[in-house]
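A quick write-up on the structure given underneath.
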Amino acid sequence: MRKIFAAVFTVSLFACTDSGTKTASATTENVGIKANVPANTYGFTPTYSASFVMDSAKNTETVLALWKEWKDGDLSQSRSHFADTVAFFMADGTSMSGPTDSLLKGMQNYRSSFKNMEASVDAIFATKSTDKDENWVAVWGVEMPTDMKGKKDTVSLQETWRFNKAGKVDLMFQATRKGMIPPPTTK
């Protein structure tokens with residue numbers, strides 16, 4: 001439960017609703033970019049969607065605010081970013097869902113068990129599943145907690161946050177890797 005709030009979750013957002021060979025496209029009013037569905041799914045039948053477009057940066061600001069509140073150790077402002085109920089699927093295999101107020105109280109208690117928390121963001125982007133009409137934010141970063149005895153740790157994170165129609169977080173998936181993974185460079 002160490003990574004209750006500040007970690008990365010991954011949901012395979014690369015799925016397709018049709019395993020045939022046709023292509024489809026859709027647009028989002030936010031950015032007007034066409035979504036490309038793979039022409040060939042190579043025998044995979046995706047269970048969610050592969051029809052995604054880039055979305056407005058508004059939701060990325062929410063996720064960054066949540067990361068900052070976690071880093072600073074005060075989750076009192078976080079409530080306004082969440083739906084009334086929320087589900088978290090953590091990297092260690094634990095999951096929790098229920099009333100946001102109860103979950104935030106537990107998360108605050110857990111966060112308060114650390115002396116310090118540093119965090120950095122390598123990449124963040126908003127996307128929309130056009131066939132499901134759902135908004136998501138993916139964030140890659142690093143969490144560097146210090147426990148009360150002064151022991152430091154470094155964890156690379158990937159999180160995927162889903163937003164409901166009211167623009168509130170209602171679901172988060174997380175994946176982690178011990179140690180810091182430097183962002184790739186291109187030449």
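Identifiers in the structure tokens: chain A, B, ... in order shown; residue index from 1 per chain; ligand index from 1 in order shown.
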### Task
Find the residues around Phe89 in chain A up to 8 Å (only C-alpha atoms counted), leave out those fewer than 2 positions away in its own chain, and share them as a list of chain:residue names.
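Using only C-alpha atoms, the neighbours found are A:Phe9, A:Ala87, A:Ala91, A:Gly93, A:Thr94, A:Ser95, A:Met96, A:Met172, A:Phe173, A:Gln174.
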#### Entry: Non-local contacts of Lys168 in chain A (9 Å; only C-alpha atoms; under 6 positions in same chain excluded) as an MDAnalysis selection string
chainID A and resid 59 62 80:84 162
### Task
Tell me, in Å to one decimal, how far CA of Asp133 in chain A is from CA of Leu75 in chain A.
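Value for the CA of Asp133 in chain A-CA of Leu75 in chain A distance: 29.2 Å.
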#### Entry: Straight-line distance linking CA of Thr154 in chain A with CA of Thr127 in chain A, stated in Å to one decimal
27.5 Å
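Using only C-alpha atoms, the nearest neighbour of Asp147 in chain A within the list A:Gln108, A:Asn164, A:Ser113, A:Asn135 is A:Ser113.
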### Query
Of the candidates A:Met144, A:Val169, A:Val53, A:Val86, which one gets nearest to Leu157 in chain A if we count only C-alpha atoms?
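Of A:Met144, A:Val169, A:Val53, A:Val86, the one nearest Leu157 in chain A, counting only C-alpha atoms, is A:Met144.
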### Per-residue DSSP, range 45-152 of chain A, filtered to strand (DSSP E), as a ChimeraX atom specification
/A:52-54,82-89,95-99,114-129,134-147
### Query
Which one is closest to Arg111 in chain A: A:Met148, A:Ala126, A:Val142, A:Val137? Count only C-alpha atoms.
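For Arg111 in chain A, the nearest of the given residues is A:Met148.
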### Task
Considering only C-alpha atoms, state which residue in the set A:Tyr48, A:Phe88, A:Tyr42, A:Tyr110 is at the smallest distance from Glu134 in chain A.
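Under the stated criterion, the closest residue is A:Tyr48.
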### Message
For range 118-123 of chain A, find every residue with an atom within 12 Å (counting only C-alpha atoms), except residues of its own chain fewer than 3 positions away, and show them as a PyMOL selection string.
### Response
chain A and resi 6-8+60+63-73+111+114-115+126+137-147+152-160+180-185
#### Entry: Option closest in space to Ser76 in chain A, from A:Thr130, A:Lys58, A:Phe163, A:Lys105 [counting only C-alpha atoms]
A:Lys105
